[in-house]
file upload_6.cif (mmCIF, C-alpha atoms)
data_model
loop_
_atom_site.group_PDB
_atom_site.id
_atom_site.type_symbol
_atom_site.label_atom_id
_atom_site.label_comp_id
_atom_site.auth_asym_id
_atom_site.auth_seq_id
_atom_site.Cartn_x
_atom_site.Cartn_y
_atom_site.Cartn_z
ATOM 1 C CA MET A 184 -118.290 4.337 -5.356
ATOM 2 C CA LYS A 185 -117.582 0.694 -6.253
ATOM 3 C CA LYS A 186 -115.588 1.815 -9.296
ATOM 4 C CA ILE A 187 -113.458 4.106 -7.125
ATOM 5 C CA ILE A 188 -112.760 1.314 -4.627
ATOM 6 C CA LEU A 189 -111.874 -1.150 -7.401
ATOM 7 C CA SER A 190 -109.581 1.424 -8.996
ATOM 8 C CA LEU A 191 -107.779 1.978 -5.687
ATOM 9 C CA VAL A 192 -107.368 -1.763 -5.147
ATOM 10 C CA ALA A 193 -105.986 -2.191 -8.666
ATOM 11 C CA ALA A 194 -103.586 0.721 -8.170
ATOM 12 C CA LEU A 195 -102.316 -0.749 -4.903
ATOM 13 C CA GLY A 196 -101.854 -4.122 -6.575
ATOM 14 C CA LEU A 197 -99.849 -2.567 -9.400
ATOM 15 C CA ALA A 198 -97.743 -0.603 -6.919
ATOM 16 C CA ALA A 199 -97.001 -3.734 -4.925
ATOM 17 C CA GLY A 200 -96.106 -5.605 -8.081
ATOM 18 C CA SER A 201 -93.824 -2.794 -9.235
ATOM 19 C CA ALA A 202 -92.124 -2.660 -5.851
ATOM 20 C CA PHE A 203 -91.516 -6.403 -5.957
ATOM 21 C CA ALA A 204 -90.164 -6.195 -9.477
ATOM 22 C CA ALA A 205 -87.833 -3.390 -8.406
ATOM 23 C CA GLY A 206 -86.574 -5.626 -5.621
ATOM 24 C CA GLY A 207 -85.225 -8.151 -8.105
ATOM 25 C CA GLY A 208 -88.257 -9.331 -10.083
ATOM 26 C CA ILE A 209 -87.932 -13.013 -9.147
ATOM 27 C CA ALA A 210 -90.250 -15.139 -7.082
ATOM 28 C CA LEU A 211 -89.098 -15.664 -3.513
ATOM 29 C CA ASP A 212 -88.314 -19.184 -2.364
ATOM 30 C CA LYS A 213 -90.098 -20.420 0.733
ATOM 31 C CA ALA A 214 -87.794 -20.409 3.755
ATOM 32 C CA PRO A 215 -87.804 -23.552 5.932
ATOM 33 C CA ALA A 216 -90.062 -23.069 8.969
ATOM 34 C CA LYS A 217 -87.942 -24.451 11.825
ATOM 35 C CA ILE A 218 -88.485 -21.871 14.546
ATOM 36 C CA ASN A 219 -88.825 -24.639 17.178
ATOM 37 C CA ASP A 220 -85.699 -26.535 16.053
ATOM 38 C CA LEU A 221 -83.047 -25.701 18.676
ATOM 39 C CA ALA A 222 -80.236 -27.350 16.695
ATOM 40 C CA SER A 223 -81.118 -25.212 13.671
ATOM 41 C CA LEU A 224 -81.281 -22.047 15.785
ATOM 42 C CA GLN A 225 -77.922 -22.788 17.419
ATOM 43 C CA ASN A 226 -76.225 -23.409 14.076
ATOM 44 C CA GLY A 227 -77.824 -20.254 12.688
ATOM 45 C CA ALA A 228 -76.507 -18.249 15.653
ATOM 46 C CA LYS A 229 -73.004 -19.587 14.983
ATOM 47 C CA VAL A 230 -73.183 -18.639 11.297
ATOM 48 C CA PHE A 231 -74.581 -15.208 12.173
ATOM 49 C CA VAL A 232 -71.778 -14.420 14.619
ATOM 50 C CA ASN A 233 -69.034 -15.741 12.346
ATOM 51 C CA TYR A 234 -70.175 -14.178 9.065
ATOM 52 C CA CYS A 235 -72.703 -11.382 9.711
ATOM 53 C CA LEU A 236 -71.575 -9.785 12.947
ATOM 54 C CA ASN A 237 -68.295 -8.620 11.426
ATOM 55 C CA CYS A 238 -70.127 -5.807 9.616
ATOM 56 C CA HIS A 239 -73.753 -5.861 10.813
ATOM 57 C CA SER A 240 -74.887 -5.242 14.373
ATOM 58 C CA ALA A 241 -77.858 -6.717 16.180
ATOM 59 C CA ALA A 242 -77.966 -3.953 18.766
ATOM 60 C CA PHE A 243 -81.282 -5.039 20.312
ATOM 61 C CA MET A 244 -80.177 -8.617 21.043
ATOM 62 C CA ARG A 245 -77.974 -9.641 23.957
ATOM 63 C CA PHE A 246 -75.707 -12.661 23.859
ATOM 64 C CA ASN A 247 -77.197 -14.070 27.072
ATOM 65 C CA ARG A 248 -80.612 -14.230 25.374
ATOM 66 C CA LEU A 249 -79.227 -17.200 23.456
ATOM 67 C CA LYS A 250 -80.003 -19.253 26.549
ATOM 68 C CA ASP A 251 -83.547 -19.323 25.163
ATOM 69 C CA ILE A 252 -82.337 -21.533 22.309
ATOM 70 C CA GLY A 253 -80.552 -23.996 24.576
ATOM 71 C CA LEU A 254 -77.075 -22.474 24.939
ATOM 72 C CA THR A 255 -75.435 -21.908 28.317
ATOM 73 C CA ASP A 256 -73.496 -18.770 29.208
ATOM 74 C CA GLN A 257 -70.279 -20.786 29.087
ATOM 75 C CA GLN A 258 -71.057 -22.115 25.599
ATOM 76 C CA VAL A 259 -71.755 -18.575 24.431
ATOM 77 C CA LYS A 260 -68.456 -17.359 25.932
ATOM 78 C CA ASP A 261 -66.431 -20.216 24.442
ATOM 79 C CA ASN A 262 -67.933 -20.229 20.944
ATOM 80 C CA LEU A 263 -69.717 -16.989 20.098
ATOM 81 C CA LEU A 264 -67.984 -14.136 21.917
ATOM 82 C CA PHE A 265 -64.997 -12.109 20.863
ATOM 83 C CA THR A 266 -62.305 -11.756 23.511
ATOM 84 C CA THR A 267 -63.403 -8.258 24.581
ATOM 85 C CA ASP A 268 -67.139 -8.988 24.726
ATOM 86 C CA LYS A 269 -69.187 -9.971 27.746
ATOM 87 C CA VAL A 270 -72.128 -12.342 27.749
ATOM 88 C CA GLY A 271 -74.526 -9.602 28.899
ATOM 89 C CA GLU A 272 -73.622 -7.212 26.086
ATOM 90 C CA THR A 273 -75.543 -6.578 22.904
ATOM 91 C CA MET A 274 -74.373 -7.906 19.544
ATOM 92 C CA LYS A 275 -72.347 -5.058 18.124
ATOM 93 C CA ALA A 276 -70.407 -5.180 14.867
ATOM 94 C CA ALA A 277 -66.653 -5.223 15.009
ATOM 95 C CA ILE A 278 -66.299 -2.888 12.022
ATOM 96 C CA ASP A 279 -65.845 0.891 12.303
ATOM 97 C CA PRO A 280 -68.970 2.597 10.867
ATOM 98 C CA LYS A 281 -66.822 5.192 9.072
ATOM 99 C CA GLN A 282 -64.753 2.499 7.392
ATOM 100 C CA ALA A 283 -67.897 0.570 6.470
ATOM 101 C CA LYS A 284 -69.397 3.641 4.797
ATOM 102 C CA ALA A 285 -66.172 4.251 2.862
ATOM 103 C CA TRP A 286 -65.965 0.619 1.710
ATOM 104 C CA PHE A 287 -69.613 -0.138 0.919
ATOM 105 C CA GLY A 288 -71.102 3.328 0.344
ATOM 106 C CA ALA A 289 -73.329 3.102 3.436
ATOM 107 C CA ASN A 290 -73.141 1.823 6.990
ATOM 108 C CA PRO A 291 -74.459 -1.788 7.063
ATOM 109 C CA PRO A 292 -77.940 -1.845 8.634
ATOM 110 C CA ASP A 293 -78.764 -3.369 11.987
ATOM 111 C CA LEU A 294 -80.155 -6.885 11.543
ATOM 112 C CA THR A 295 -82.088 -7.383 14.772
ATOM 113 C CA VAL A 296 -85.527 -7.133 13.149
ATOM 114 C CA ILE A 297 -84.554 -7.480 9.476
ATOM 115 C CA ALA A 298 -86.577 -10.706 9.175
ATOM 116 C CA ARG A 299 -89.731 -8.744 10.007
ATOM 117 C CA SER A 300 -88.994 -5.519 8.146
ATOM 118 C CA ARG A 301 -88.372 -7.296 4.817
ATOM 119 C CA SER A 302 -91.780 -8.964 4.605
ATOM 120 C CA GLY A 303 -93.999 -7.898 1.730
ATOM 121 C CA ALA A 304 -96.454 -9.002 -0.930
ATOM 122 C CA GLY A 305 -93.940 -11.441 -2.396
ATOM 123 C CA GLY A 306 -93.452 -13.373 0.845
ATOM 124 C CA THR A 307 -92.277 -13.137 4.424
ATOM 125 C CA GLY A 308 -89.070 -11.483 5.552
ATOM 126 C CA ALA A 309 -87.614 -14.948 6.055
ATOM 127 C CA ASP A 310 -88.466 -15.835 2.429
ATOM 128 C CA TYR A 311 -86.743 -12.658 1.250
ATOM 129 C CA LEU A 312 -83.554 -13.338 3.238
ATOM 130 C CA TYR A 313 -83.503 -17.018 2.268
ATOM 131 C CA THR A 314 -83.723 -16.163 -1.425
ATOM 132 C CA TYR A 315 -81.386 -13.170 -1.199
ATOM 133 C CA LEU A 316 -78.552 -15.115 0.434
ATOM 134 C CA ARG A 317 -78.807 -17.854 -2.212
ATOM 135 C CA THR A 318 -78.908 -15.685 -5.378
ATOM 136 C CA TYR A 319 -75.494 -14.034 -5.382
ATOM 137 C CA TYR A 320 -73.446 -14.340 -8.552
ATOM 138 C CA ARG A 321 -70.079 -13.101 -9.762
ATOM 139 C CA ASP A 322 -70.221 -9.742 -11.591
ATOM 140 C CA GLU A 323 -66.843 -8.192 -12.399
ATOM 141 C CA ASN A 324 -68.519 -4.903 -13.338
ATOM 142 C CA LYS A 325 -69.464 -4.224 -9.715
ATOM 143 C CA PRO A 326 -67.053 -2.710 -7.166
ATOM 144 C CA THR A 327 -67.397 -5.735 -4.882
ATOM 145 C CA GLY A 328 -67.244 -8.234 -7.740
ATOM 146 C CA TRP A 329 -70.707 -9.564 -6.852
ATOM 147 C CA ASN A 330 -74.325 -8.941 -7.739
ATOM 148 C CA ASN A 331 -77.645 -10.335 -6.564
ATOM 149 C CA LEU A 332 -80.878 -11.277 -8.333
ATOM 150 C CA VAL A 333 -83.133 -10.234 -5.451
ATOM 151 C CA PHE A 334 -81.237 -6.991 -4.761
ATOM 152 C CA PRO A 335 -79.639 -5.814 -8.038
ATOM 153 C CA ASN A 336 -76.542 -3.615 -7.656
ATOM 154 C CA VAL A 337 -76.264 -4.581 -4.014
ATOM 155 C CA GLY A 338 -73.402 -2.965 -2.117
ATOM 156 C CA MET A 339 -72.841 -5.958 0.160
ATOM 157 C CA PRO A 340 -70.299 -8.528 -1.102
ATOM 158 C CA HIS A 341 -71.022 -12.239 -0.962
ATOM 159 C CA VAL A 342 -69.503 -13.003 2.450
ATOM 160 C CA LEU A 343 -70.500 -16.666 2.226
ATOM 161 C CA TRP A 344 -68.954 -17.299 -1.187
ATOM 162 C CA GLU A 345 -66.351 -19.703 0.179
ATOM 163 C CA LEU A 346 -69.159 -21.943 1.389
ATOM 164 C CA GLN A 347 -71.304 -21.678 -1.735
ATOM 165 C CA GLY A 348 -68.620 -21.236 -4.374
ATOM 166 C CA GLU A 349 -69.201 -19.175 -7.513
ATOM 167 C CA ARG A 350 -72.351 -19.586 -9.578
ATOM 168 C CA ARG A 351 -73.760 -18.085 -12.746
ATOM 169 C CA PRO A 352 -77.482 -17.592 -13.353
ATOM 170 C CA VAL A 353 -78.886 -19.187 -16.494
ATOM 171 C CA PHE A 354 -81.783 -17.342 -18.135
ATOM 172 C CA GLU A 355 -84.333 -18.253 -20.765
ATOM 173 C CA GLU A 356 -85.841 -15.683 -23.089
ATOM 174 C CA HIS A 357 -89.644 -15.626 -23.051
ATOM 175 C CA GLU A 358 -91.964 -13.444 -25.071
ATOM 176 C CA SER A 359 -95.115 -12.113 -23.433
ATOM 177 C CA HIS A 360 -97.497 -9.564 -24.954
ATOM 178 C CA GLY A 361 -94.897 -8.657 -27.548
ATOM 179 C CA HIS A 362 -92.132 -8.060 -25.010
ATOM 180 C CA LYS A 363 -89.109 -10.283 -24.476
ATOM 181 C CA THR A 364 -88.222 -11.032 -20.871
ATOM 182 C CA GLN A 365 -85.438 -12.964 -19.197
ATOM 183 C CA VAL A 366 -86.675 -15.751 -16.904
ATOM 184 C CA LEU A 367 -84.358 -17.536 -14.498
ATOM 185 C CA LYS A 368 -83.949 -21.163 -15.570
ATOM 186 C CA GLY A 369 -81.372 -22.297 -13.024
ATOM 187 C CA TRP A 370 -77.777 -21.961 -11.910
ATOM 188 C CA GLU A 371 -74.453 -23.117 -13.292
ATOM 189 C CA GLN A 372 -71.727 -23.882 -10.753
ATOM 190 C CA VAL A 373 -68.552 -22.103 -11.920
ATOM 191 C CA LYS A 374 -66.349 -22.926 -8.913
ATOM 192 C CA PRO A 375 -67.251 -25.365 -6.146
ATOM 193 C CA GLY A 376 -67.495 -24.209 -2.551
ATOM 194 C CA LEU A 377 -66.732 -25.889 0.724
ATOM 195 C CA MET A 378 -70.348 -27.087 0.855
ATOM 196 C CA THR A 379 -72.575 -28.877 -1.592
ATOM 197 C CA PRO A 380 -75.600 -26.891 -2.845
ATOM 198 C CA LEU A 381 -77.843 -28.866 -0.477
ATOM 199 C CA GLN A 382 -75.577 -28.236 2.510
ATOM 200 C CA TYR A 383 -75.389 -24.544 1.691
ATOM 201 C CA ASP A 384 -79.172 -24.251 1.414
ATOM 202 C CA GLN A 385 -79.535 -25.978 4.793
ATOM 203 C CA THR A 386 -76.987 -23.615 6.353
ATOM 204 C CA ILE A 387 -78.785 -20.568 4.962
ATOM 205 C CA GLY A 388 -82.051 -22.029 6.227
ATOM 206 C CA ASP A 389 -80.543 -22.246 9.734
ATOM 207 C CA LEU A 390 -79.196 -18.695 9.502
ATOM 208 C CA VAL A 391 -82.542 -17.288 8.375
ATOM 209 C CA ASN A 392 -84.294 -19.347 11.038
ATOM 210 C CA TYR A 393 -82.115 -17.733 13.696
ATOM 211 C CA MET A 394 -82.685 -14.242 12.278
ATOM 212 C CA GLN A 395 -86.424 -14.870 12.300
ATOM 213 C CA TRP A 396 -86.223 -15.948 15.944
ATOM 214 C CA MET A 397 -83.995 -12.968 16.810
ATOM 215 C CA ALA A 398 -86.561 -10.543 15.395
ATOM 216 C CA GLU A 399 -89.037 -11.738 18.048
ATOM 217 C CA PRO A 400 -87.584 -14.170 20.605
ATOM 218 C CA ALA A 401 -90.918 -14.420 22.427
ATOM 219 C CA GLN A 402 -92.919 -15.436 19.357
ATOM 220 C CA ASN A 403 -93.231 -19.089 20.388
ATOM 221 C CA THR A 404 -94.514 -18.030 23.820
ATOM 222 C CA ARG A 405 -96.876 -15.535 22.183
ATOM 223 C CA LYS A 406 -98.353 -18.214 19.933
ATOM 224 C CA ARG A 407 -98.658 -20.727 22.781
ATOM 225 C CA VAL A 408 -100.382 -18.223 25.080
ATOM 226 C CA GLY A 409 -102.590 -17.086 22.198
ATOM 227 C CA VAL A 410 -103.930 -20.611 21.712
ATOM 228 C CA TRP A 411 -104.919 -20.851 25.393
ATOM 229 C CA VAL A 412 -106.518 -17.389 25.264
ATOM 230 C CA LEU A 413 -108.650 -18.434 22.283
ATOM 231 C CA ILE A 414 -109.680 -21.643 24.081
ATOM 232 C CA PHE A 415 -110.626 -19.632 27.176
ATOM 233 C CA LEU A 416 -112.644 -17.154 25.118
ATOM 234 C CA GLY A 417 -114.435 -20.031 23.379
ATOM 235 C CA VAL A 418 -115.374 -21.678 26.702
ATOM 236 C CA PHE A 419 -116.379 -18.347 28.259
ATOM 237 C CA THR A 420 -118.527 -17.517 25.213
ATOM 238 C CA PHE A 421 -120.382 -20.820 25.604
ATOM 239 C CA ILE A 422 -120.946 -20.169 29.341
ATOM 240 C CA ALA A 423 -122.139 -16.604 28.678
ATOM 241 C CA TRP A 424 -124.523 -17.872 25.991
ATOM 242 C CA ARG A 425 -126.072 -20.441 28.347
ATOM 243 C CA LEU A 426 -126.327 -17.889 31.191
ATOM 244 C CA ASN A 427 -128.039 -15.456 28.868
ATOM 245 C CA ALA A 428 -130.546 -18.155 27.895
ATOM 246 C CA ALA A 429 -131.187 -18.988 31.590
ATOM 247 C CA PHE A 430 -131.702 -15.336 32.594
ATOM 248 C CA TRP A 431 -134.134 -14.605 29.775
ATOM 249 C CA LYS A 432 -136.040 -17.880 29.601
ATOM 250 C CA ASP A 433 -139.043 -16.480 31.591
ATOM 251 C CA VAL A 434 -139.131 -13.145 29.832
ATOM 252 C CA LYS A 435 -141.738 -12.985 27.106
#

call {"tool": "encode", "arguments": {"input": "upload_6.cif", "output": "structure tokens"}}
result
Amino acid sequence: MKKIILSLVAALGLAAGSAFAAGGGIALDKAPAKINDLASLQNGAKVFVNYCLNCHSAAFMRFNRLKDIGLTDQQVKDNLLFTTDKVGETMKAAIDPKQAKAWFGANPPDLTVIARSRSGAGGTGADYLYTYLRTYYRDENKPTGWNNLVFPNVGMPHVLWELQGERRPVFEEHESHGHKTQVLKGWEQVKPGLMTPLQYDQTIGDLVNYMQWMAEPAQNTRKRVGVWVLIFLGVFTFIAWRLNAAFWKDVK
């Protein structure tokens, strides 16, 4: 029985490793954890609306929910809404789904909970998005002119290329168990962008931070309430233990 269990565990481990390799084969970078940083969330919301919402929807998030990250309805109207949108509406993409399918081969997915759905053995969904949005490179052999290390042959173009510029991955050849593999060594900046590499990484960190918050806006409340629930259960357990001792102290 132990051998069967160990075999199943090993098989699952190999499957997870194969799935991660198929997803790009590189280690995921750790996304900055700034879920309580309102300035980061607000900047991430701005980047999301300006760059992501053109093609991707967030159909389960309403604009007025952004009040939870410190924005007023008027600020949302002035800075984040298109002229035809209302503050109580959901975040719907401006692109026609039929045109999107013709251009990219598939309708761009909804991003409301993408930060949760992309989590896996290699890291959290935030880690995946943070690495994915920072590993685009120019590939003239692809229809969009771009490729990605985390998602090879991706259909989505690099919409943030003006900010990041154009980069080329630099690989080193390593030999392991008789097989030669390409290992990412770093990046070479081909054309500069509007931002420095550090500024771009910070912007992507804010964007991913917002997408992580959007996937579960009540997560901070959930964690805060959970702490108090655990404290209550700890105190109640101590009281119940002492009551039990008092009730049974005369019973032999």

call {"tool": "closest_residue", "arguments": {"input": "upload_6.cif", "among": "A:Glu358, A:Val230, A:Gly271, A:Ala241", "to": "Tyr383 (chain A)", "atoms": "only C-alpha atoms"}}
result
A:Val230

call {"tool": "atom_distance", "arguments": {"input": "upload_6.cif", "atom1": "CA of Met397 (chain A)", "atom2": "CA of Val259 (chain A)"}}
result
15.5 Å

call {"tool": "atom_distance", "arguments": {"input": "upload_6.cif", "atom1": "CA of Asp220 (chain A)", "atom2": "CA of Gly376 (chain A)"}}
result
26.1 Å

call {"tool": "resolve_selection", "arguments": {"input": "upload_6.cif", "expression": "the PyMOL selection byres ((chain A and resi 248) around 10)", "output": "list in words"}}
result
Met244, Arg245, Phe246, Asn247, Leu249, Lys250, Asp251, Ile252, Gly253, Leu254, Thr255, Asp256, Val259, Val270, Gly271, Glu272, Thr273, Met397 and Pro400 of chain A

call {"tool": "atom_distance", "arguments": {"input": "upload_6.cif", "atom1": "CA of Pro291 (chain A)", "atom2": "CA of Ser240 (chain A)"}}
result
8.1 Å

call {"tool": "axis_aligned_box", "arguments": {"input": "upload_6.cif", "around": "region 233-237 of chain A", "padding_each_side": "8 Å", "output": "lines of an AutoDock Vina configuration file"}}
result
center_x = -70.5
center_y = -12.2
center_z = 11.0
size_x = 20.4
size_y = 23.1
size_z = 19.9

call {"tool": "residues_around", "arguments": {"input": "upload_6.cif", "residues": "Thr379 (chain A)", "least_positions_apart": "3", "cutoff": "10 Å", "atoms": "only C-alpha atoms", "output": "list in words"}}
result
Leu346, Gln347, Gly348, Pro375, Gly376, Gln382, Tyr383, Asp384 and Gln385 of chain A

call {"tool": "residues_around", "arguments": {"input": "upload_6.cif", "residues": "Tyr320 (chain A)", "least_positions_apart": "2", "cutoff": "8 Å", "atoms": "all atoms listed in the file", "output": "PDB file with C-alpha atoms, in the coordinates of the input"}}
result
ATOM      1  CA  THR A 318     -78.908 -15.685  -5.378  1.00  0.00           C
ATOM      2  CA  ASP A 322     -70.221  -9.742 -11.591  1.00  0.00           C
ATOM      3  CA  TRP A 329     -70.707  -9.564  -6.852  1.00  0.00           C
ATOM      4  CA  ASN A 330     -74.325  -8.941  -7.739  1.00  0.00           C
ATOM      5  CA  ASN A 331     -77.645 -10.335  -6.564  1.00  0.00           C
ATOM      6  CA  GLU A 349     -69.201 -19.175  -7.513  1.00  0.00           C
ATOM      7  CA  ARG A 350     -72.351 -19.586  -9.578  1.00  0.00           C
ATOM      8  CA  ARG A 351     -73.760 -18.085 -12.746  1.00  0.00           C
ATOM      9  CA  PRO A 352     -77.482 -17.592 -13.353  1.00  0.00           C
TER      10      PRO A 352
END

call {"tool": "resolve_selection", "arguments": {"input": "upload_6.cif", "expression": "the PyMOL selection byres ((chain A and resi 276) around 9)", "output": "short mmCIF file (atom, residue, chain, number, x, y, z; two decimals) with C-alpha atoms, in the coordinates of the input"}}
result
data_model
loop_
_atom_site.label_atom_id
_atom_site.label_comp_id
_atom_site.auth_asym_id
_atom_site.auth_seq_id
_atom_site.Cartn_x
_atom_site.Cartn_y
_atom_site.Cartn_z
CA CYS A 235 -72.70 -11.38 9.71
CA LEU A 236 -71.58 -9.78 12.95
CA ASN A 237 -68.30 -8.62 11.43
CA CYS A 238 -70.13 -5.81 9.62
CA HIS A 239 -73.75 -5.86 10.81
CA SER A 240 -74.89 -5.24 14.37
CA ALA A 241 -77.86 -6.72 16.18
CA ALA A 242 -77.97 -3.95 18.77
CA MET A 274 -74.37 -7.91 19.54
CA LYS A 275 -72.35 -5.06 18.12
CA ALA A 277 -66.65 -5.22 15.01
CA ILE A 278 -66.30 -2.89 12.02
CA ASP A 279 -65.84 0.89 12.30
CA PRO A 280 -68.97 2.60 10.87
#

call {"tool": "build_atoms", "arguments": {"input": "upload_6.cif", "residues": "region 213-241 of chain A", "atoms": "N, CA and C atoms", "output": "PDB file, in the frame of the given file"}}
result
ATOM      1  N   LYS A 213     -89.552 -20.272  -0.614  1.00  0.00           N
ATOM      2  CA  LYS A 213     -90.098 -20.420   0.733  1.00  0.00           C
ATOM      3  C   LYS A 213     -89.008 -20.848   1.701  1.00  0.00           C
ATOM      4  N   ALA A 214     -88.804 -20.072   2.750  1.00  0.00           N
ATOM      5  CA  ALA A 214     -87.794 -20.409   3.755  1.00  0.00           C
ATOM      6  C   ALA A 214     -88.286 -21.560   4.620  1.00  0.00           C
ATOM      7  N   PRO A 215     -87.391 -22.464   5.038  1.00  0.00           N
ATOM      8  CA  PRO A 215     -87.804 -23.552   5.932  1.00  0.00           C
ATOM      9  C   PRO A 215     -88.343 -22.993   7.254  1.00  0.00           C
ATOM     10  N   ALA A 216     -89.462 -23.511   7.704  1.00  0.00           N
ATOM     11  CA  ALA A 216     -90.062 -23.069   8.969  1.00  0.00           C
ATOM     12  C   ALA A 216     -89.599 -24.001  10.082  1.00  0.00           C
ATOM     13  N   LYS A 217     -88.515 -23.602  10.780  1.00  0.00           N
ATOM     14  CA  LYS A 217     -87.942 -24.451  11.825  1.00  0.00           C
ATOM     15  C   LYS A 217     -87.712 -23.652  13.104  1.00  0.00           C
ATOM     16  N   ILE A 218     -88.664 -22.786  13.426  1.00  0.00           N
ATOM     17  CA  ILE A 218     -88.485 -21.871  14.546  1.00  0.00           C
ATOM     18  C   ILE A 218     -88.418 -22.598  15.883  1.00  0.00           C
ATOM     19  N   ASN A 219     -88.885 -23.856  15.938  1.00  0.00           N
ATOM     20  CA  ASN A 219     -88.825 -24.639  17.178  1.00  0.00           C
ATOM     21  C   ASN A 219     -87.654 -25.622  17.202  1.00  0.00           C
ATOM     22  N   ASP A 220     -86.838 -25.619  16.163  1.00  0.00           N
ATOM     23  CA  ASP A 220     -85.699 -26.535  16.053  1.00  0.00           C
ATOM     24  C   ASP A 220     -84.480 -25.888  16.714  1.00  0.00           C
ATOM     25  N   LEU A 221     -84.149 -26.321  17.937  1.00  0.00           N
ATOM     26  CA  LEU A 221     -83.047 -25.701  18.676  1.00  0.00           C
ATOM     27  C   LEU A 221     -81.706 -25.909  17.975  1.00  0.00           C
ATOM     28  N   ALA A 222     -81.493 -27.092  17.393  1.00  0.00           N
ATOM     29  CA  ALA A 222     -80.236 -27.350  16.695  1.00  0.00           C
ATOM     30  C   ALA A 222     -80.066 -26.391  15.513  1.00  0.00           C
ATOM     31  N   SER A 223     -81.161 -26.146  14.789  1.00  0.00           N
ATOM     32  CA  SER A 223     -81.118 -25.212  13.671  1.00  0.00           C
ATOM     33  C   SER A 223     -80.840 -23.791  14.161  1.00  0.00           C
ATOM     34  N   LEU A 224     -81.489 -23.385  15.240  1.00  0.00           N
ATOM     35  CA  LEU A 224     -81.281 -22.047  15.785  1.00  0.00           C
ATOM     36  C   LEU A 224     -79.850 -21.861  16.272  1.00  0.00           C
ATOM     37  N   GLN A 225     -79.286 -22.883  16.915  1.00  0.00           N
ATOM     38  CA  GLN A 225     -77.922 -22.788  17.419  1.00  0.00           C
ATOM     39  C   GLN A 225     -76.914 -22.693  16.280  1.00  0.00           C
ATOM     40  N   ASN A 226     -77.111 -23.490  15.234  1.00  0.00           N
ATOM     41  CA  ASN A 226     -76.225 -23.409  14.076  1.00  0.00           C
ATOM     42  C   ASN A 226     -76.379 -22.065  13.374  1.00  0.00           C
ATOM     43  N   GLY A 227     -77.605 -21.566  13.293  1.00  0.00           N
ATOM     44  CA  GLY A 227     -77.824 -20.254  12.688  1.00  0.00           C
ATOM     45  C   GLY A 227     -77.156 -19.140  13.475  1.00  0.00           C
ATOM     46  N   ALA A 228     -77.182 -19.245  14.817  1.00  0.00           N
ATOM     47  CA  ALA A 228     -76.507 -18.249  15.653  1.00  0.00           C
ATOM     48  C   ALA A 228     -75.002 -18.266  15.405  1.00  0.00           C
ATOM     49  N   LYS A 229     -74.439 -19.471  15.246  1.00  0.00           N
ATOM     50  CA  LYS A 229     -73.004 -19.587  14.983  1.00  0.00           C
ATOM     51  C   LYS A 229     -72.645 -18.946  13.642  1.00  0.00           C
ATOM     52  N   VAL A 230     -73.445 -19.224  12.613  1.00  0.00           N
ATOM     53  CA  VAL A 230     -73.183 -18.639  11.297  1.00  0.00           C
ATOM     54  C   VAL A 230     -73.336 -17.120  11.349  1.00  0.00           C
ATOM     55  N   PHE A 231     -74.336 -16.647  12.065  1.00  0.00           N
ATOM     56  CA  PHE A 231     -74.581 -15.208  12.173  1.00  0.00           C
ATOM     57  C   PHE A 231     -73.395 -14.504  12.815  1.00  0.00           C
ATOM     58  N   VAL A 232     -72.895 -15.050  13.913  1.00  0.00           N
ATOM     59  CA  VAL A 232     -71.778 -14.420  14.619  1.00  0.00           C
ATOM     60  C   VAL A 232     -70.508 -14.465  13.776  1.00  0.00           C
ATOM     61  N   ASN A 233     -70.281 -15.577  13.098  1.00  0.00           N
ATOM     62  CA  ASN A 233     -69.034 -15.741  12.346  1.00  0.00           C
ATOM     63  C   ASN A 233     -69.005 -14.971  11.032  1.00  0.00           C
ATOM     64  N   TYR A 234     -70.166 -14.778  10.396  1.00  0.00           N
ATOM     65  CA  TYR A 234     -70.175 -14.178   9.065  1.00  0.00           C
ATOM     66  C   TYR A 234     -70.895 -12.827   8.995  1.00  0.00           C
ATOM     67  N   CYS A 235     -71.906 -12.609   9.807  1.00  0.00           N
ATOM     68  CA  CYS A 235     -72.703 -11.382   9.711  1.00  0.00           C
ATOM     69  C   CYS A 235     -72.260 -10.306  10.686  1.00  0.00           C
ATOM     70  N   LEU A 236     -71.850 -10.732  11.873  1.00  0.00           N
ATOM     71  CA  LEU A 236     -71.575  -9.785  12.947  1.00  0.00           C
ATOM     72  C   LEU A 236     -70.284  -9.011  12.729  1.00  0.00           C
ATOM     73  N   ASN A 237     -69.498  -9.387  11.731  1.00  0.00           N
ATOM     74  CA  ASN A 237     -68.295  -8.620  11.426  1.00  0.00           C
ATOM     75  C   ASN A 237     -68.633  -7.225  10.920  1.00  0.00           C
ATOM     76  N   CYS A 238     -69.737  -7.102  10.186  1.00  0.00           N
ATOM     77  CA  CYS A 238     -70.127  -5.807   9.616  1.00  0.00           C
ATOM     78  C   CYS A 238     -71.471  -5.314  10.141  1.00  0.00           C
ATOM     79  N   HIS A 239     -72.410  -6.229  10.373  1.00  0.00           N
ATOM     80  CA  HIS A 239     -73.753  -5.861  10.813  1.00  0.00           C
ATOM     81  C   HIS A 239     -73.894  -6.048  12.326  1.00  0.00           C
ATOM     82  N   SER A 240     -74.567  -5.107  12.951  1.00  0.00           N
ATOM     83  CA  SER A 240     -74.887  -5.242  14.373  1.00  0.00           C
ATOM     84  C   SER A 240     -76.271  -5.840  14.543  1.00  0.00           C
ATOM     85  N   ALA A 241     -76.514  -6.337  15.740  1.00  0.00           N
ATOM     86  CA  ALA A 241     -77.858  -6.717  16.180  1.00  0.00           C
ATOM     87  C   ALA A 241     -78.012  -6.078  17.555  1.00  0.00           C
TER      88      ALA A 241
END
